[in-house]
$ cat target.tsv   # TSV, C-alpha atoms
chain	number	residue	atom	x	y	z
A	1	MET	CA	17.35	-22.75	10.52
A	2	GLU	CA	19.96	-25.30	11.55
A	3	ILE	CA	23.04	-23.70	13.05
A	4	MET	CA	26.34	-25.52	13.02
A	5	TYR	CA	29.33	-24.82	15.24
A	6	LEU	CA	32.98	-25.28	14.25
A	7	GLY	CA	35.08	-23.92	17.06
A	8	GLU	CA	33.93	-20.32	17.52
A	9	ASP	CA	32.62	-20.05	13.96
A	10	ARG	CA	28.93	-20.62	13.36
A	11	PHE	CA	27.40	-21.57	10.02
A	12	ASN	CA	23.94	-21.83	8.49
A	13	ALA	CA	23.85	-25.57	7.88
A	14	ASP	CA	20.67	-25.35	5.80
A	15	TRP	CA	22.35	-22.99	3.40
A	16	LEU	CA	25.55	-25.07	3.28
A	17	LYS	CA	23.42	-28.06	2.20
A	18	SER	CA	21.93	-26.02	-0.63
A	19	VAL	CA	25.20	-24.94	-2.28
A	20	THR	CA	28.25	-26.61	-3.70
A	21	GLU	CA	31.47	-26.68	-1.70
A	22	ASN	CA	33.08	-24.23	-4.10
A	23	GLN	CA	30.11	-21.89	-3.86
A	24	ALA	CA	30.36	-21.98	-0.07
A	25	VAL	CA	34.06	-21.15	-0.25
A	26	LYS	CA	33.36	-18.33	-2.69
A	27	ASP	CA	30.68	-16.76	-0.48
A	28	LEU	CA	32.26	-17.28	2.91
A	29	LYS	CA	35.98	-16.79	2.30
A	30	GLY	CA	35.71	-13.11	3.27
A	31	GLY	CA	34.74	-14.10	6.81
A	32	HIS	CA	36.37	-17.49	7.45
A	33	LYS	CA	39.45	-19.54	6.66
A	34	VAL	CA	39.01	-21.65	3.53
A	35	ASN	CA	39.78	-24.92	5.34
A	36	GLN	CA	37.21	-24.06	7.98
A	37	ILE	CA	34.60	-23.44	5.26
A	38	ARG	CA	35.39	-26.71	3.52
A	39	ASN	CA	35.08	-28.58	6.81
A	40	ALA	CA	31.81	-26.84	7.63
A	41	TRP	CA	30.41	-27.70	4.20
A	42	LYS	CA	31.50	-31.33	4.55
A	43	GLN	CA	30.03	-31.65	8.02
A	44	ALA	CA	26.73	-30.06	6.94
A	45	ASN	CA	26.51	-32.43	3.98
A	46	GLY	CA	27.28	-35.56	5.99
A	47	PHE	CA	30.91	-36.11	5.10
A	48	SER	CA	33.43	-36.94	7.80
A	49	VAL	CA	35.76	-34.16	8.94
A	50	PRO	CA	38.73	-34.08	11.25
A	51	LYS	CA	37.89	-33.38	14.86
A	52	TYR	CA	38.97	-29.96	15.95
A	53	ASP	CA	38.96	-30.59	19.65
A	54	SER	CA	41.16	-33.69	19.57
A	55	SER	CA	44.47	-32.84	21.14
A	56	LYS	CA	47.55	-33.74	19.21
A	57	LYS	CA	49.35	-36.77	20.49
A	58	PRO	CA	52.96	-36.10	21.45
A	59	LYS	CA	55.47	-37.63	19.15
A	60	LYS	CA	57.11	-40.71	20.46
A	61	LYS	CA	60.61	-40.18	21.53
A	62	SER	CA	62.94	-42.04	19.33
A	63	THR	CA	64.81	-44.61	21.24
A	64	LYS	CA	68.36	-44.76	20.32
A	65	ILE	CA	69.76	-48.23	20.12
A	66	ASP	CA	73.33	-48.32	20.94
B	1	MET	CA	-11.92	27.68	-2.59
B	2	GLY	CA	-10.77	30.92	-1.02
B	3	GLN	CA	-13.23	33.00	0.92
B	4	ASN	CA	-14.14	36.57	0.14
B	5	ILE	CA	-12.30	39.10	2.26
B	6	CYS	CA	-14.84	41.39	3.91
B	7	SER	CA	-13.44	43.66	6.59
B	8	CYS	CA	-15.86	46.57	6.80
B	9	GLY	CA	-13.75	48.57	9.21
B	10	ASN	CA	-10.82	48.38	6.87
B	11	PRO	CA	-12.26	48.04	3.38
B	12	THR	CA	-10.13	46.69	0.57
B	13	MET	CA	-10.69	47.00	-3.13
B	14	PRO	CA	-9.03	45.12	-5.94
B	15	ASN	CA	-6.28	46.68	-8.01
B	16	LEU	CA	-6.67	44.77	-11.23
B	17	GLY	CA	-3.77	46.14	-13.16
B	18	ARG	CA	-0.89	43.86	-14.09
B	19	PRO	CA	2.64	44.23	-15.42
B	20	ASP	CA	3.44	43.26	-19.00
B	21	CYS	CA	5.22	40.10	-18.00
B	22	VAL	CA	3.48	37.59	-15.73
B	23	ILE	CA	3.98	33.87	-15.17
B	24	GLU	CA	1.08	31.89	-16.57
B	25	MET	CA	0.33	28.38	-15.40
B	26	LYS	CA	0.57	26.07	-18.39
B	27	ALA	CA	-1.08	22.70	-18.82
B	28	LEU	CA	-0.32	20.48	-15.83
B	29	ALA	CA	2.30	17.77	-16.22
B	30	PHE	CA	2.13	15.88	-12.91
B	31	PRO	CA	1.65	16.45	-9.20
B	32	ILE	CA	4.32	16.01	-6.55
B	33	ILE	CA	3.09	14.58	-3.26
B	34	VAL	CA	4.58	15.91	-0.04
B	35	PRO	CA	3.66	14.87	3.52
B	36	ARG	CA	1.97	17.82	5.21
B	37	TYR	CA	4.16	17.61	8.31
B	38	LYS	CA	7.75	16.58	8.91
B	39	GLU	CA	8.90	14.12	11.56
B	40	ASN	CA	9.19	17.00	14.04
B	41	GLY	CA	5.64	18.15	13.35
B	42	THR	CA	6.51	21.31	11.42
B	43	ARG	CA	5.03	22.00	7.99
B	44	ASN	CA	6.94	20.87	4.93
B	45	THR	CA	7.87	23.89	2.83
B	46	ILE	CA	10.48	24.84	0.26
B	47	ASP	CA	12.85	27.64	1.17
B	48	LEU	CA	12.68	30.10	-1.71
B	49	ALA	CA	15.60	32.14	-0.37
B	50	SER	CA	18.04	29.26	-0.79
B	51	ALA	CA	20.91	29.91	-3.18
B	52	THR	CA	20.72	26.24	-4.20
B	53	LEU	CA	16.96	25.98	-4.73
B	54	GLY	CA	17.12	23.53	-7.66
B	55	ALA	CA	19.53	21.19	-5.87
B	56	ASP	CA	17.51	21.46	-2.64
B	57	ILE	CA	14.42	20.19	-4.43
B	58	LYS	CA	16.29	17.28	-6.02
B	59	ASP	CA	17.68	16.41	-2.58
B	60	LEU	CA	14.14	16.25	-1.26
B	61	ILE	CA	13.55	13.18	-3.43
B	62	ALA	CA	16.66	11.34	-2.20
B	63	THR	CA	16.36	8.76	0.57
B	64	SER	CA	19.00	10.67	2.54
B	65	THR	CA	16.09	12.98	3.34
B	66	GLN	CA	13.79	11.63	6.06
B	67	LEU	CA	10.65	9.86	4.85
B	68	LEU	CA	8.20	12.55	6.00
B	69	SER	CA	10.34	15.40	4.67
B	70	ARG	CA	10.67	14.04	1.15
B	71	ILE	CA	8.75	14.87	-1.99
B	72	TYR	CA	7.23	12.15	-4.17
B	73	PRO	CA	6.80	13.05	-7.85
B	74	PHE	CA	4.23	11.20	-9.96
B	75	PRO	CA	5.17	10.00	-13.41
B	76	ARG	CA	3.92	12.09	-16.33
B	77	CYS	CA	0.13	12.26	-16.22
B	78	GLU	CA	-2.57	12.38	-18.87
B	79	ASN	CA	-6.08	13.78	-19.04
B	80	ILE	CA	-5.57	16.11	-16.12
B	81	THR	CA	-8.69	18.00	-15.12
B	82	PHE	CA	-9.36	20.28	-12.20
B	83	GLU	CA	-13.14	20.37	-12.16
B	84	ARG	CA	-15.13	22.53	-9.76
B	85	THR	CA	-18.54	21.77	-8.31
B	86	GLU	CA	-21.27	24.35	-8.75
B	87	THR	CA	-21.55	27.29	-6.41
B	88	VAL	CA	-24.51	26.67	-4.11
B	89	TYR	CA	-27.24	29.28	-3.76
B	90	GLU	CA	-30.51	29.45	-1.90
B	91	THR	CA	-33.29	31.10	-3.83
B	92	ALA	CA	-35.57	33.38	-1.83
B	93	PRO	CA	-39.32	33.60	-2.46
B	94	SER	CA	-38.56	36.85	-4.25
B	95	THR	CA	-36.38	34.69	-6.56
B	96	ARG	CA	-33.29	36.54	-5.43
B	97	LYS	CA	-30.35	34.18	-4.90
B	98	TYR	CA	-28.04	34.04	-1.91
B	99	LYS	CA	-24.69	32.31	-2.12
B	100	ILE	CA	-24.17	29.73	0.62
B	101	ALA	CA	-20.72	30.37	2.07
B	102	GLY	CA	-18.43	27.38	2.41
B	103	VAL	CA	-20.60	25.05	0.32
B	104	GLY	CA	-19.94	24.07	-3.29
B	105	GLY	CA	-17.02	25.25	-5.36
B	106	VAL	CA	-15.01	22.15	-4.47
B	107	ARG	CA	-12.22	21.34	-6.89
B	108	THR	CA	-11.56	17.76	-7.85
B	109	PHE	CA	-8.16	17.01	-9.30
B	110	LYS	CA	-8.38	14.02	-11.67
B	111	PHE	CA	-5.74	12.50	-13.87
B	112	GLU	CA	-4.46	9.25	-15.33
B	113	THR	CA	-1.17	7.50	-15.80
B	114	TRP	CA	-0.92	5.34	-18.89
B	115	GLY	CA	0.83	2.19	-20.05
B	116	LYS	CA	4.00	1.34	-18.10
B	117	ASP	CA	3.17	4.05	-15.58
B	118	ALA	CA	-0.05	2.19	-14.77
B	119	VAL	CA	1.28	-1.30	-14.00
B	120	HIS	CA	0.02	-3.01	-10.85
B	121	GLN	CA	3.23	-2.31	-8.96
B	122	MET	CA	2.60	1.41	-9.49
B	123	LEU	CA	-0.96	0.94	-8.23
B	124	ARG	CA	0.45	-0.69	-5.12
B	125	GLU	CA	2.53	2.39	-4.45
B	126	LEU	CA	-0.44	4.66	-5.13
B	127	LYS	CA	-2.40	2.85	-2.40
B	128	LYS	CA	0.11	4.20	0.13
B	129	ILE	CA	-1.28	7.72	-0.34
B	130	GLY	CA	-4.17	8.76	1.83
B	131	CYS	CA	-3.26	7.27	5.21
B	132	SER	CA	-1.84	10.53	6.52
B	133	ASP	CA	-2.38	14.14	5.51
B	134	VAL	CA	-0.45	15.17	2.44
B	135	ASP	CA	-0.09	18.24	0.25
B	136	PHE	CA	0.86	18.40	-3.39
B	137	TYR	CA	2.81	20.68	-5.66
B	138	LEU	CA	1.88	20.90	-9.31
B	139	THR	CA	4.30	20.93	-12.21
B	140	ASP	CA	3.26	22.36	-15.54
B	141	VAL	CA	4.51	21.49	-19.00
B	142	GLY	CA	6.67	24.60	-18.92
B	143	GLY	CA	8.78	22.96	-16.19
B	144	SER	CA	7.61	25.14	-13.29
B	145	ILE	CA	6.58	23.93	-9.83
B	146	TRP	CA	3.46	25.53	-8.38
B	147	GLY	CA	2.55	25.83	-4.73
B	148	ILE	CA	1.05	28.19	-2.19
B	149	LYS	CA	2.60	31.19	-0.51
B	150	ASP	CA	0.31	31.94	2.40
B	151	ASN	CA	1.55	35.50	2.41
B	152	GLU	CA	2.96	37.42	-0.54
B	153	LEU	CA	5.98	38.35	1.57
B	154	ASP	CA	6.73	34.78	2.65
B	155	THR	CA	10.07	33.26	1.68
B	156	VAL	CA	8.70	29.72	1.70
B	157	ILE	CA	6.23	27.92	-0.51
B	158	ARG	CA	4.10	24.94	0.52
B	159	GLY	CA	2.00	22.40	-1.33
B	160	TYR	CA	-1.72	22.64	-2.00
B	161	GLU	CA	-3.70	20.92	0.74
B	162	MET	CA	-5.26	17.65	-0.35
B	163	ALA	CA	-8.59	16.63	1.19
B	164	THR	CA	-6.93	13.31	1.93
B	165	GLU	CA	-10.18	11.50	2.68
B	166	THR	CA	-11.22	11.95	-0.96
B	167	TYR	CA	-8.11	10.32	-2.43
B	168	ASP	CA	-8.84	7.43	-4.76
B	169	SER	CA	-6.85	5.35	-7.21
B	170	TYR	CA	-7.81	2.34	-9.28
B	171	LYS	CA	-6.89	0.46	-12.40
B	172	GLU	CA	-8.60	0.67	-15.75
B	173	TYR	CA	-7.75	-2.40	-17.75
B	174	ALA	CA	-6.61	-2.36	-21.35
B	175	SER	CA	-9.18	-3.17	-24.02
B	176	ASP	CA	-9.15	-3.82	-27.76
B	177	THR	CA	-8.84	-0.10	-28.35
B	178	THR	CA	-7.28	1.32	-25.18
B	179	THR	CA	-4.13	0.91	-23.14
B	180	GLN	CA	-4.11	0.23	-19.38
B	181	LYS	CA	-4.47	3.24	-17.11
B	182	ALA	CA	-4.32	4.16	-13.46
B	183	MET	CA	-7.10	6.56	-12.52
B	184	ILE	CA	-6.30	8.92	-9.68
B	185	SER	CA	-8.35	11.65	-8.09
B	186	TRP	CA	-8.64	13.79	-4.99
B	187	ASP	CA	-10.25	17.00	-3.89
B	188	LEU	CA	-8.49	20.19	-3.03
B	189	ASN	CA	-9.09	21.12	0.58
B	190	ASN	CA	-12.17	23.33	0.64
B	191	SER	CA	-10.38	26.08	2.51
B	192	GLU	CA	-7.34	26.22	0.22
B	193	CYS	CA	-6.58	29.63	-1.27
B	194	GLU	CA	-5.71	28.89	-4.88
B	195	GLU	CA	-5.29	32.60	-5.48
B	196	ASN	CA	-2.08	32.41	-3.44
B	197	SER	CA	-0.43	30.14	-6.04
B	198	TYR	CA	3.09	30.96	-7.11
B	199	ALA	CA	5.53	29.28	-9.45
B	200	ILE	CA	9.13	28.27	-9.05
B	201	THR	CA	10.19	28.53	-12.67
B	202	SER	CA	12.55	26.23	-14.51
B	203	GLU	CA	14.98	29.16	-14.74
B	204	GLU	CA	15.03	29.40	-10.95
B	205	LEU	CA	15.41	25.64	-10.62
B	206	GLY	CA	18.16	25.41	-13.21
B	207	TYR	CA	16.28	22.53	-14.86
B	208	SER	CA	12.78	21.62	-15.92
B	209	ALA	CA	10.63	20.28	-13.10
B	210	ASN	CA	9.38	17.72	-15.61
B	211	THR	CA	12.70	15.91	-15.21
B	212	LEU	CA	12.01	15.08	-11.56
B	213	ARG	CA	11.48	11.35	-11.05
B	214	GLY	CA	10.29	9.36	-8.07
B	215	ASN	CA	12.26	6.57	-6.44
B	216	ILE	CA	11.64	2.87	-7.06
B	217	SER	CA	10.72	0.80	-4.00
B	218	GLY	CA	13.14	-1.98	-3.17
B	219	ASN	CA	13.23	-4.90	-0.75
B	220	GLN	CA	15.79	-7.32	0.63
B	221	ILE	CA	15.72	-11.10	0.96
B	222	VAL	CA	18.26	-11.82	3.70
B	223	THR	CA	19.95	-15.13	4.51
B	224	PRO	CA	22.59	-15.29	7.25
B	225	LEU	CA	25.29	-17.69	6.02
B	226	SER	CA	27.54	-17.78	9.05
B	227	SER	CA	28.52	-15.75	12.09
B	228	THR	CA	30.54	-13.41	9.87
B	229	THR	CA	28.72	-13.50	6.52
B	230	VAL	CA	25.21	-12.60	5.47
B	231	LYS	CA	23.69	-12.60	2.02
B	232	THR	CA	21.09	-10.11	0.86
B	233	GLU	CA	19.26	-10.21	-2.44
B	234	VAL	CA	18.15	-6.67	-3.26
B	235	VAL	CA	15.08	-6.56	-5.47
B	236	THR	CA	12.35	-4.26	-6.69
B	237	GLY	CA	8.69	-5.24	-6.73
B	238	PHE	CA	8.82	-5.36	-10.51
B	239	GLY	CA	9.69	-8.33	-12.69
B	240	SER	CA	7.63	-11.44	-13.27
B	241	ALA	CA	6.02	-13.60	-10.59
B	242	GLY	CA	8.99	-15.96	-10.60
B	243	ALA	CA	11.87	-13.73	-11.66
B	244	ARG	CA	12.40	-10.69	-9.52
B	245	GLU	CA	14.08	-7.59	-10.84
B	246	HIS	CA	17.37	-7.05	-9.02
B	247	ILE	CA	19.02	-3.82	-7.99
B	248	VAL	CA	22.58	-4.08	-9.21
B	249	GLY	CA	25.74	-2.08	-8.76
B	250	LEU	CA	25.49	-1.28	-5.06
B	251	SER	CA	28.77	-1.03	-3.24
B	252	TRP	CA	29.80	-1.63	0.33
B	253	VAL	CA	29.62	2.11	1.10
B	254	ASN	CA	25.84	1.84	0.53
B	255	ILE	CA	25.47	-1.03	3.01
B	256	THR	CA	25.48	-1.09	6.80
B	257	VAL	CA	24.78	-3.96	9.19
B	258	GLU	CA	23.76	-3.11	12.73
B	259	ASN	CA	22.73	-5.01	15.83
B	260	THR	CA	19.27	-3.72	16.75
B	261	ASP	CA	19.20	-5.42	20.16
B	262	ASN	CA	22.48	-3.88	21.30
B	263	PRO	CA	23.28	-1.09	18.82
B	264	ALA	CA	27.00	-0.52	18.42
B	265	GLY	CA	27.30	0.88	14.91
B	266	ASP	CA	28.04	-0.69	11.56
B	267	ILE	CA	29.69	-4.11	11.79
B	268	SER	CA	30.06	-4.75	8.05
B	269	THR	CA	33.60	-5.12	6.79
B	270	GLY	CA	33.01	-5.62	3.06
B	271	SER	CA	30.61	-6.84	0.40
B	272	VAL	CA	30.79	-8.72	-2.88
B	273	GLU	CA	28.06	-8.70	-5.53
B	274	ASN	CA	27.64	-12.10	-7.15
B	275	PRO	CA	25.43	-12.85	-9.02
B	276	ASN	CA	23.95	-9.50	-10.02
B	277	GLY	CA	21.83	-8.02	-7.23
B	278	THR	CA	22.98	-10.53	-4.59
B	279	TYR	CA	25.41	-9.13	-2.06
B	280	THR	CA	27.45	-11.27	0.33
B	281	ILE	CA	28.42	-9.05	3.23
B	282	THR	CA	31.20	-9.86	5.66
B	283	THR	CA	30.86	-8.61	9.22
B	284	SER	CA	32.59	-8.86	12.52
B	285	ALA	CA	31.16	-11.83	14.43
B	286	THR	CA	27.45	-11.58	15.12
B	287	THR	CA	25.95	-12.72	18.42
B	288	ALA	CA	23.79	-15.81	18.15
B	289	GLY	CA	20.10	-15.09	18.62
B	290	GLU	CA	20.38	-11.29	18.47
B	291	ASN	CA	18.58	-9.23	15.83
B	292	TYR	CA	20.34	-7.34	13.08
B	293	LYS	CA	19.29	-5.03	10.29
B	294	ILE	CA	20.83	-4.36	6.90
B	295	THR	CA	20.38	-0.84	5.60
B	296	VAL	CA	21.01	0.05	1.98
B	297	SER	CA	21.20	3.80	1.68
B	298	ASP	CA	21.95	6.38	-0.99
B	299	ALA	CA	21.17	3.98	-3.82
B	300	THR	CA	20.29	6.69	-6.31
B	301	GLY	CA	16.78	6.26	-7.65
B	302	TYR	CA	15.79	3.58	-5.13
B	303	ASP	CA	14.15	3.50	-1.72
B	304	ILE	CA	15.19	0.13	-0.28
B	305	ALA	CA	13.53	-1.23	2.83
B	306	ASN	CA	15.75	-2.50	5.63
B	307	GLY	CA	16.45	-6.22	5.74
B	308	THR	CA	16.56	-8.11	9.03
B	309	PHE	CA	18.11	-11.34	10.27
B	310	VAL	CA	18.93	-13.17	13.47
B	311	GLY	CA	22.61	-13.61	14.22
B	312	LEU	CA	24.00	-17.13	13.99

$ encode --input "target.tsv" --output "structure tokens"
Amino acid sequence: MEIMYLGEDRFNADWLKSVTENQAVKDLKGGHKVNQIRNAWKQANGFSVPKYDSSKKPKKKSTKID
Amino acid sequence: MGQNICSCGNPTMPNLGRPDCVIEMKALAFPIIVPRYKENGTRNTIDLASATLGADIKDLIATSTQLLSRIYPFPRCENITFERTETVYETAPSTRKYKIAGVGGVRTFKFETWGKDAVHQMLRELKKIGCSDVDFYLTDVGGSIWGIKDNELDTVIRGYEMATETYDSYKEYASDTTTQKAMISWDLNNSECEENSYAITSEELGYSANTLRGNISGNQIVTPLSSTTVKTEVVTGFGSAGAREHIVGLSWVNITVENTDNPAGDISTGSVENPNGTYTITTSATTAGENYKITVSDATGYDIANGTFVGL
């Protein structure tokens, strides 16, 4: 069984590959956030997902032009 | 085959009178198997002094009762016979005969289950009998349960002792003129005292013993979906080769999930049935690589084996 990690959540990647995204959301929403499930499903099925560990870049300070 | 009671120092003679009203054993309906000994090694008996005798006996079928303390009713049986082998004598040169004590007079209990009660899945269950010592109660068509009171003054009744090594069951296939049957037989233990048989009547039970039904065996097909969700498909052994028969309508209160490597109680937090017979259970986070079991209990009419999975 292929296990997949998203943060602290772990998913059965084999199972995620065998179901539709909506089915995964339906079955897993009791234990995970819906966005997390969608990302897990996408990652398991080879779609690109946003990186969770990338730190947010600070906003640029607006430079006031006098 | 009970032995004669010969105590010359304290002779006994039979008083063969009887009251007007006695309880006659009617034609047999089906046997009820009971393990001879409980988990703690004591004999399985039924407490006749209980104020809730009928309910007690029904509870003995439920899976809330430990495996070796339960009773296991057969379905309704056909062609029941209780044949007895000939008494064995030795004939002296004078032609006088002498009975050989302890030889012959062995009762063989034979019966059949027919049609749906003889399908292969039933045969598979029947093959589970005979590994350990068991006793059996008998029910008659009048709705009474028959067993043995070792002493007239006892307040408990036990099952008849099966000579377990004689137990046999096999299938008889349907033909152009006959339906399928399961053929079952065993011997009564040679030392059993049939004369100590007593009935628990349907009046005492509050129902007919013929209404007692055995549980259906169930199994689980478990798939862990994530660290907090696990899916179990709860099925019986019936159905076709490709389409299993599902056990539907279970609720979360029937289901527990426990870590068997580091037991810390039930970690399930809810369950949803979808589709029928498939239960998605949510849990607190499992530990990757550790072993877990899913127990489905108190599913009336079913005895469901535990499911296992490895935490993600």

$ interface_residues --input "target.tsv" --of "chain A" --to "chain B" --cutoff "6 Å" --atoms "only C-alpha atoms" --output "PyMOL selection string"
chain A and resi 10-12+31

$ atom_distance --input "target.tsv" --atom1 "CA of Ala243 (chain B)" --atom2 "CA of Met183 (chain B)"
27.8 Å

$ residues_near_point --input "target.tsv" --point "(2.2, 3.2, -19.5)" --cutoff "9 Å" --atoms "only C-alpha atoms" --output "list of chain:residue names"
B:Thr113, B:Trp114, B:Gly115, B:Lys116, B:Asp117, B:Ala118, B:Val119, B:Thr179, B:Gln180, B:Lys181, B:Ala182
